[in-house]
Amino acid sequence: MRIIRAKDYEDMSKKAAEIIASVVTLKPDCILGLATGSSPIGLYKNLIEKCKNGELDFSQVKTANLDEYVGLGPDDDQSYRYFMNNNLFNHININIENTNVPNGLEKDADKEVARYEKLVQDLGEMDLQLLGLGLDGHIGFNEPAPVFPKVTQCVELDPSTIEANKRFFASADDVPRTAYTMGIGTIMRAKKVLLIVNGKAKAEILAKVINGPVDPMVPASILQFHNDVTVVADEEALSAL
Ligand code: GLP
């Protein structure tokens, strides 16, 4: 793993945006795996700026997002499709038809996970997969479990994830209990992985991810087995290493 030390959130966002920008510049028709959460918002702002000033062209880029809450549609301001449209896609010159997020409104979980896994496979090898890190070590919504989930699936969210994500909802009761997520196997097939982490609260889990044993109870620790992972983290997040 390559670890890039950033001063703070702003610096992390800038450095991570440079990495994504280099992929898009080298391969204008690249396939990007994208993430939601508070971690990538600053990075997306940097990409929007680069697109607006003519440095970056997303017209041929295709994307697939990691996950989506079950039950939330694109018009729900807490859905990940809404997040992506508002924090990135609506502000860059990407063809919205080339962007993919699991369909939270599909009630037939077997149907949706099969559809999304096939869609991701058919897109081809991801050139870069962007990841945030959950407080319990999750990536996408792959929660701590006895085994690493291979493919896209419907998962029950951990109480700690519901607690962490309730800040975006009116109350904890409003946080959906299940989500569709790419599997760890799906994520590990990406050519490059970019993990962004900031803040003191994630210092302990990040130390486990980087230095601890590879353990499905710390899902992101599997990244130790990927041969092109870059971690861009701020000083607070790196403070327990
Ligand atoms: C969420 C998302 C993840 C995200 C993580 C961290 O639950 N499903 O994809 O990376 O938790 O979120 P944040 O960046 O807000 O800390």
# chains A, B, ... in the order shown; residues from 1 in each chain; ligands from 1

call {"tool": "residues_near_ligand", "arguments": {"ligand": "ligand 1", "cutoff": "6 Å", "atoms": "only C-alpha atoms and all ligand atoms", "output": "VMD selection string"}}
result
chain A and resid 35 to 39 131 to 134 139 to 141

call {"tool": "select_by_dssp", "arguments": {"residues": "region 51-128 of chain A", "states": "strand (DSSP E)", "output": "list of chain:residue names"}}
result
A:Lys62, A:Thr63, A:Ala64, A:Asn65, A:Asp67, A:Glu68, A:Tyr69, A:Thr99, A:Asn100, A:Leu128

call {"tool": "closest_residue", "arguments": {"among": "A:Val175, A:Ala109, A:Met217, A:Cys51", "to": "Cys154 (chain A)", "atoms": "only C-alpha atoms"}}
result
A:Ala109

call {"tool": "select_by_dssp", "arguments": {"residues": "region 6-240 of chain A", "states": "helix (DSSP H, G or I)", "output": "ChimeraX atom specification"}}
result
/A:9-26,41-52,80-87,89-91,96-98,109-123,159-168,172-174,184-188,200-211,219-225

call {"tool": "closest_residue", "arguments": {"among": "A:Ala220, A:Met188, A:Phe168, A:Ala233", "to": "Asp11 (chain A)", "atoms": "only C-alpha atoms"}}
result
A:Ala233

call {"tool": "atom_distance", "arguments": {"atom1": "CA of Glu236 (chain A)", "atom2": "CA of Pro219 (chain A)"}}
result
21.2 Å

call {"tool": "closest_residue", "arguments": {"among": "A:Leu66, A:Ile92, A:Ile162, A:Leu72", "to": "Gly54 (chain A)", "atoms": "only C-alpha atoms"}}
result
A:Ile92

call {"tool": "closest_residue", "arguments": {"among": "A:Asn227, A:Asn198, A:Thr63, A:Asn211", "to": "Asp8 (chain A)", "atoms": "only C-alpha atoms"}}
result
A:Asn198

call {"tool": "residues_around", "arguments": {"residues": "Leu105 (chain A)", "least_positions_apart": "6", "cutoff": "10 Å", "atoms": "only C-alpha atoms", "output": "PyMOL selection string"}}
result
chain A and resi 68-74+112

call {"tool": "residues_around", "arguments": {"residues": "Arg2 (chain A)", "least_positions_apart": "5", "cutoff": "12 Å", "atoms": "only C-alpha atoms", "output": "ChimeraX atom specification"}}
result
/A:192-196,210,223-224,226-233

call {"tool": "write_last_selection", "arguments": {"atoms": "all heavy atoms", "output": "CSV table (one decimal), in the first residue's frame"}}
result
chain,number,residue,atom,x,y,z
A,192,LYS,N,-6.8,-0.2,-9.9
A,192,LYS,CA,-6.3,0.6,-8.8
A,192,LYS,C,-7.3,0.9,-7.8
A,192,LYS,O,-8.5,1.0,-8.2
A,192,LYS,CB,-5.9,2.0,-9.4
A,192,LYS,CG,-4.7,2.1,-10.2
A,192,LYS,CD,-4.6,3.6,-10.7
A,192,LYS,CE,-3.4,3.8,-11.6
A,192,LYS,NZ,-2.1,3.6,-11.0
A,193,VAL,N,-6.9,1.0,-6.6
A,193,VAL,CA,-7.9,1.4,-5.5
A,193,VAL,C,-7.3,2.6,-4.8
A,193,VAL,O,-6.1,2.7,-4.5
A,193,VAL,CB,-8.0,0.2,-4.5
A,193,VAL,CG1,-8.8,0.7,-3.3
A,193,VAL,CG2,-8.6,-1.0,-5.1
A,194,LEU,N,-8.2,3.6,-4.6
A,194,LEU,CA,-7.9,4.8,-3.9
A,194,LEU,C,-8.8,4.9,-2.7
A,194,LEU,O,-10.0,5.0,-2.8
A,194,LEU,CB,-8.1,6.0,-4.8
A,194,LEU,CG,-8.0,7.4,-4.2
A,194,LEU,CD1,-6.6,7.6,-3.7
A,194,LEU,CD2,-8.3,8.5,-5.3
A,195,LEU,N,-8.1,4.8,-1.5
A,195,LEU,CA,-8.9,4.9,-0.2
A,195,LEU,C,-8.6,6.2,0.4
A,195,LEU,O,-7.5,6.6,0.6
A,195,LEU,CB,-8.4,3.7,0.7
A,195,LEU,CG,-8.9,3.7,2.1
A,195,LEU,CD1,-10.4,3.3,2.1
A,195,LEU,CD2,-8.2,2.6,3.0
A,196,ILE,N,-9.7,6.9,0.7
A,196,ILE,CA,-9.5,8.3,1.4
A,196,ILE,C,-10.1,8.2,2.8
A,196,ILE,O,-11.2,7.7,3.0
A,196,ILE,CB,-10.1,9.4,0.5
A,196,ILE,CG1,-11.6,9.2,0.2
A,196,ILE,CG2,-9.3,9.6,-0.7
A,196,ILE,CD1,-12.3,10.4,-0.4
A,210,ILE,N,-4.4,-1.1,7.8
A,210,ILE,CA,-3.1,-1.1,7.1
A,210,ILE,C,-2.1,-2.1,7.8
A,210,ILE,O,-1.4,-2.8,7.1
A,210,ILE,CB,-2.5,0.3,7.2
A,210,ILE,CG1,-3.3,1.3,6.4
A,210,ILE,CG2,-1.0,0.3,6.7
A,210,ILE,CD1,-2.9,2.7,6.4
A,223,LEU,N,-7.6,-5.1,1.5
A,223,LEU,CA,-6.8,-4.3,0.5
A,223,LEU,C,-5.3,-4.5,0.6
A,223,LEU,O,-4.6,-4.2,-0.3
A,223,LEU,CB,-7.2,-2.8,0.7
A,223,LEU,CG,-8.6,-2.4,0.5
A,223,LEU,CD1,-8.9,-1.0,0.9
A,223,LEU,CD2,-9.0,-2.7,-1.0
A,224,GLN,N,-4.9,-5.1,1.7
A,224,GLN,CA,-3.5,-5.5,1.8
A,224,GLN,C,-3.1,-6.5,0.7
A,224,GLN,O,-1.9,-6.6,0.4
A,224,GLN,CB,-3.2,-6.1,3.2
A,224,GLN,CG,-3.3,-5.1,4.4
A,224,GLN,CD,-3.0,-5.8,5.7
A,224,GLN,OE1,-2.2,-6.7,5.8
A,224,GLN,NE2,-3.7,-5.3,6.7
A,226,HIS,N,-4.2,-6.4,-2.4
A,226,HIS,CA,-4.4,-5.8,-3.7
A,226,HIS,C,-3.0,-5.1,-4.0
A,226,HIS,O,-2.4,-4.5,-3.1
A,226,HIS,CB,-5.5,-4.8,-3.7
A,226,HIS,CG,-5.9,-4.3,-5.1
A,226,HIS,ND1,-5.1,-3.5,-5.8
A,226,HIS,CD2,-7.0,-4.5,-5.8
A,226,HIS,CE1,-5.7,-3.2,-7.0
A,226,HIS,NE2,-6.9,-3.9,-7.0
A,227,ASN,N,-2.6,-5.3,-5.3
A,227,ASN,CA,-1.2,-4.7,-5.5
A,227,ASN,C,-1.1,-3.3,-6.0
A,227,ASN,O,0.0,-2.8,-6.3
A,227,ASN,CB,-0.4,-5.7,-6.4
A,227,ASN,CG,-1.0,-5.8,-7.7
A,227,ASN,OD1,-1.8,-5.0,-8.1
A,227,ASN,ND2,-0.5,-6.8,-8.5
A,228,ASP,N,-2.3,-2.6,-6.0
A,228,ASP,CA,-2.2,-1.2,-6.4
A,228,ASP,C,-3.2,-0.3,-5.6
A,228,ASP,O,-4.2,0.1,-6.1
A,228,ASP,CB,-2.4,-1.0,-7.9
A,228,ASP,CG,-2.0,0.5,-8.3
A,228,ASP,OD1,-1.7,1.3,-7.5
A,228,ASP,OD2,-2.0,0.7,-9.6
A,229,VAL,N,-2.9,-0.2,-4.3
A,229,VAL,CA,-3.7,0.6,-3.4
A,229,VAL,C,-3.0,1.8,-3.0
A,229,VAL,O,-1.9,1.8,-2.5
A,229,VAL,CB,-4.1,-0.2,-2.1
A,229,VAL,CG1,-4.9,0.6,-1.2
A,229,VAL,CG2,-4.8,-1.5,-2.5
A,230,THR,N,-3.7,3.0,-3.1
A,230,THR,CA,-3.1,4.2,-2.6
A,230,THR,C,-4.1,4.7,-1.5
A,230,THR,O,-5.3,4.8,-1.7
A,230,THR,CB,-3.0,5.3,-3.7
A,230,THR,OG1,-2.2,4.8,-4.7
A,230,THR,CG2,-2.4,6.6,-3.2
A,231,VAL,N,-3.5,5.0,-0.3
A,231,VAL,CA,-4.3,5.5,0.8
A,231,VAL,C,-3.9,7.0,0.9
A,231,VAL,O,-2.8,7.3,1.1
A,231,VAL,CB,-4.0,4.8,2.1
A,231,VAL,CG1,-4.8,5.4,3.2
A,231,VAL,CG2,-4.2,3.3,2.0
A,232,VAL,N,-4.9,7.9,0.7
A,232,VAL,CA,-4.6,9.3,1.0
A,232,VAL,C,-5.4,9.6,2.3
A,232,VAL,O,-6.6,9.5,2.4
A,232,VAL,CB,-5.1,10.2,-0.1
A,232,VAL,CG1,-4.8,11.7,0.2
A,232,VAL,CG2,-4.5,9.8,-1.5
A,233,ALA,N,-4.6,9.9,3.3
A,233,ALA,CA,-5.2,10.1,4.7
A,233,ALA,C,-4.6,11.4,5.3
A,233,ALA,O,-3.5,11.7,5.1
A,233,ALA,CB,-5.0,8.9,5.5

call {"tool": "atom_distance", "arguments": {"atom1": "CA of Leu32 (chain A)", "atom2": "CA of His91 (chain A)"}}
result
16.7 Å

call {"tool": "closest_residue", "arguments": {"among": "A:Lys202, A:Pro216, A:Val209, A:Leu128", "to": "Pro149 (chain A)", "atoms": "only C-alpha atoms"}}
result
A:Pro216

call {"tool": "residues_around", "arguments": {"residues": "Val101 (chain A)", "least_positions_apart": "5", "cutoff": "7 Å", "atoms": "only C-alpha atoms", "output": "PDB file with C-alpha atoms, in the first residue's frame"}}
result
ATOM      1  CA  ALA A  64     -20.397   2.554 -11.200  1.00  0.00           C
ATOM      2  CA  ASN A  65     -21.121   3.388  -7.584  1.00  0.00           C
ATOM      3  CA  ASP A  67     -23.806   1.012  -2.980  1.00  0.00           C
ATOM      4  CA  GLU A  68     -27.339   2.286  -2.385  1.00  0.00           C
ATOM      5  CA  ARG A  81     -28.088   8.396  -6.574  1.00  0.00           C
TER       6      ARG A  81
END

call {"tool": "closest_residue", "arguments": {"among": "A:Arg115, A:Arg5, A:Arg177, A:Lys14", "to": "Thr161 (chain A)", "atoms": "only C-alpha atoms"}}
result
A:Arg177

call {"tool": "decode", "arguments": {"residues": "region 62-96 of chain A", "atoms": "N, CA and C atoms", "output": "PDB file, in the first residue's frame"}}
result
ATOM      1  N   LYS A  62     -17.135   6.320 -17.819  1.00  0.00           N
ATOM      2  CA  LYS A  62     -18.276   5.555 -17.296  1.00  0.00           C
ATOM      3  C   LYS A  62     -18.040   5.310 -15.807  1.00  0.00           C
ATOM      4  N   THR A  63     -19.105   5.282 -15.041  1.00  0.00           N
ATOM      5  CA  THR A  63     -18.934   5.094 -13.598  1.00  0.00           C
ATOM      6  C   THR A  63     -19.904   4.050 -13.048  1.00  0.00           C
ATOM      7  N   ALA A  64     -19.497   3.446 -11.945  1.00  0.00           N
ATOM      8  CA  ALA A  64     -20.397   2.554 -11.200  1.00  0.00           C
ATOM      9  C   ALA A  64     -20.185   2.836  -9.721  1.00  0.00           C
ATOM     10  N   ASN A  65     -21.246   3.130  -9.017  1.00  0.00           N
ATOM     11  CA  ASN A  65     -21.121   3.388  -7.584  1.00  0.00           C
ATOM     12  C   ASN A  65     -21.167   2.102  -6.773  1.00  0.00           C
ATOM     13  N   LEU A  66     -20.607   2.206  -5.598  1.00  0.00           N
ATOM     14  CA  LEU A  66     -20.485   1.044  -4.721  1.00  0.00           C
ATOM     15  C   LEU A  66     -21.809   0.533  -4.175  1.00  0.00           C
ATOM     16  N   ASP A  67     -22.678   1.476  -3.790  1.00  0.00           N
ATOM     17  CA  ASP A  67     -23.806   1.012  -2.980  1.00  0.00           C
ATOM     18  C   ASP A  67     -25.006   1.957  -3.025  1.00  0.00           C
ATOM     19  N   GLU A  68     -26.108   1.483  -2.477  1.00  0.00           N
ATOM     20  CA  GLU A  68     -27.339   2.286  -2.385  1.00  0.00           C
ATOM     21  C   GLU A  68     -28.218   1.704  -1.285  1.00  0.00           C
ATOM     22  N   TYR A  69     -28.910   2.586  -0.574  1.00  0.00           N
ATOM     23  CA  TYR A  69     -29.874   2.137   0.441  1.00  0.00           C
ATOM     24  C   TYR A  69     -31.080   1.506  -0.246  1.00  0.00           C
ATOM     25  N   VAL A  70     -31.552   0.378   0.301  1.00  0.00           N
ATOM     26  CA  VAL A  70     -32.769  -0.236  -0.227  1.00  0.00           C
ATOM     27  C   VAL A  70     -33.969   0.610   0.221  1.00  0.00           C
ATOM     28  N   GLY A  71     -34.817   0.934  -0.732  1.00  0.00           N
ATOM     29  CA  GLY A  71     -36.034   1.697  -0.418  1.00  0.00           C
ATOM     30  C   GLY A  71     -35.947   3.166  -0.802  1.00  0.00           C
ATOM     31  N   LEU A  72     -34.737   3.659  -1.084  1.00  0.00           N
ATOM     32  CA  LEU A  72     -34.617   5.079  -1.435  1.00  0.00           C
ATOM     33  C   LEU A  72     -34.422   5.249  -2.945  1.00  0.00           C
ATOM     34  N   GLY A  73     -35.233   6.134  -3.527  1.00  0.00           N
ATOM     35  CA  GLY A  73     -35.147   6.400  -4.964  1.00  0.00           C
ATOM     36  C   GLY A  73     -34.316   7.638  -5.262  1.00  0.00           C
ATOM     37  N   PRO A  74     -34.096   7.917  -6.544  1.00  0.00           N
ATOM     38  CA  PRO A  74     -33.241   9.038  -6.953  1.00  0.00           C
ATOM     39  C   PRO A  74     -33.719  10.407  -6.462  1.00  0.00           C
ATOM     40  N   ASP A  75     -35.020  10.543  -6.166  1.00  0.00           N
ATOM     41  CA  ASP A  75     -35.524  11.842  -5.706  1.00  0.00           C
ATOM     42  C   ASP A  75     -35.402  12.018  -4.205  1.00  0.00           C
ATOM     43  N   ASP A  76     -35.064  10.961  -3.512  1.00  0.00           N
ATOM     44  CA  ASP A  76     -34.903  11.053  -2.057  1.00  0.00           C
ATOM     45  C   ASP A  76     -33.535  11.651  -1.766  1.00  0.00           C
ATOM     46  N   ASP A  77     -33.519  12.742  -0.997  1.00  0.00           N
ATOM     47  CA  ASP A  77     -32.233  13.439  -0.837  1.00  0.00           C
ATOM     48  C   ASP A  77     -31.216  12.666   0.004  1.00  0.00           C
ATOM     49  N   GLN A  78     -31.629  11.519   0.549  1.00  0.00           N
ATOM     50  CA  GLN A  78     -30.647  10.684   1.251  1.00  0.00           C
ATOM     51  C   GLN A  78     -30.175   9.495   0.405  1.00  0.00           C
ATOM     52  N   SER A  79     -30.723   9.376  -0.808  1.00  0.00           N
ATOM     53  CA  SER A  79     -30.272   8.245  -1.628  1.00  0.00           C
ATOM     54  C   SER A  79     -28.894   8.574  -2.201  1.00  0.00           C
ATOM     55  N   TYR A  80     -28.150   7.537  -2.487  1.00  0.00           N
ATOM     56  CA  TYR A  80     -26.801   7.740  -3.031  1.00  0.00           C
ATOM     57  C   TYR A  80     -26.848   8.205  -4.489  1.00  0.00           C
ATOM     58  N   ARG A  81     -27.942   7.865  -5.200  1.00  0.00           N
ATOM     59  CA  ARG A  81     -28.088   8.396  -6.574  1.00  0.00           C
ATOM     60  C   ARG A  81     -28.255   9.924  -6.509  1.00  0.00           C
ATOM     61  N   TYR A  82     -29.083  10.380  -5.567  1.00  0.00           N
ATOM     62  CA  TYR A  82     -29.290  11.823  -5.398  1.00  0.00           C
ATOM     63  C   TYR A  82     -27.956  12.493  -5.033  1.00  0.00           C
ATOM     64  N   PHE A  83     -27.242  11.873  -4.114  1.00  0.00           N
ATOM     65  CA  PHE A  83     -25.939  12.397  -3.668  1.00  0.00           C
ATOM     66  C   PHE A  83     -24.995  12.556  -4.864  1.00  0.00           C
ATOM     67  N   MET A  84     -24.900  11.513  -5.678  1.00  0.00           N
ATOM     68  CA  MET A  84     -23.946  11.553  -6.799  1.00  0.00           C
ATOM     69  C   MET A  84     -24.350  12.615  -7.823  1.00  0.00           C
ATOM     70  N   ASN A  85     -25.655  12.688  -8.112  1.00  0.00           N
ATOM     71  CA  ASN A  85     -26.100  13.695  -9.084  1.00  0.00           C
ATOM     72  C   ASN A  85     -25.771  15.095  -8.575  1.00  0.00           C
ATOM     73  N   ASN A  86     -26.034  15.309  -7.275  1.00  0.00           N
ATOM     74  CA  ASN A  86     -25.862  16.666  -6.733  1.00  0.00           C
ATOM     75  C   ASN A  86     -24.436  17.037  -6.400  1.00  0.00           C
ATOM     76  N   ASN A  87     -23.647  16.056  -6.016  1.00  0.00           N
ATOM     77  CA  ASN A  87     -22.270  16.378  -5.630  1.00  0.00           C
ATOM     78  C   ASN A  87     -21.265  16.228  -6.757  1.00  0.00           C
ATOM     79  N   LEU A  88     -21.693  15.596  -7.871  1.00  0.00           N
ATOM     80  CA  LEU A  88     -20.744  15.446  -8.972  1.00  0.00           C
ATOM     81  C   LEU A  88     -21.394  15.499 -10.356  1.00  0.00           C
ATOM     82  N   PHE A  89     -22.228  14.521 -10.667  1.00  0.00           N
ATOM     83  CA  PHE A  89     -22.653  14.330 -12.059  1.00  0.00           C
ATOM     84  C   PHE A  89     -23.324  15.559 -12.689  1.00  0.00           C
ATOM     85  N   ASN A  90     -24.161  16.274 -11.890  1.00  0.00           N
ATOM     86  CA  ASN A  90     -24.862  17.433 -12.468  1.00  0.00           C
ATOM     87  C   ASN A  90     -23.930  18.593 -12.799  1.00  0.00           C
ATOM     88  N   HIS A  91     -22.684  18.519 -12.325  1.00  0.00           N
ATOM     89  CA  HIS A  91     -21.775  19.659 -12.482  1.00  0.00           C
ATOM     90  C   HIS A  91     -20.601  19.379 -13.411  1.00  0.00           C
ATOM     91  N   ILE A  92     -20.560  18.173 -13.993  1.00  0.00           N
ATOM     92  CA  ILE A  92     -19.466  17.849 -14.920  1.00  0.00           C
ATOM     93  C   ILE A  92     -20.077  17.389 -16.247  1.00  0.00           C
ATOM     94  N   ASN A  93     -19.230  17.287 -17.265  1.00  0.00           N
ATOM     95  CA  ASN A  93     -19.775  16.952 -18.589  1.00  0.00           C
ATOM     96  C   ASN A  93     -19.841  15.447 -18.834  1.00  0.00           C
ATOM     97  N   ILE A  94     -20.332  14.716 -17.811  1.00  0.00           N
ATOM     98  CA  ILE A  94     -20.480  13.266 -17.988  1.00  0.00           C
ATOM     99  C   ILE A  94     -21.859  13.000 -18.595  1.00  0.00           C
ATOM    100  N   ASN A  95     -21.956  11.925 -19.382  1.00  0.00           N
ATOM    101  CA  ASN A  95     -23.250  11.496 -19.887  1.00  0.00           C
ATOM    102  C   ASN A  95     -23.918  10.709 -18.756  1.00  0.00           C
ATOM    103  N   ILE A  96     -25.033  11.219 -18.250  1.00  0.00           N
ATOM    104  CA  ILE A  96     -25.655  10.611 -17.060  1.00  0.00           C
ATOM    105  C   ILE A  96     -26.004   9.130 -17.325  1.00  0.00           C
TER     106      ILE A  96
END
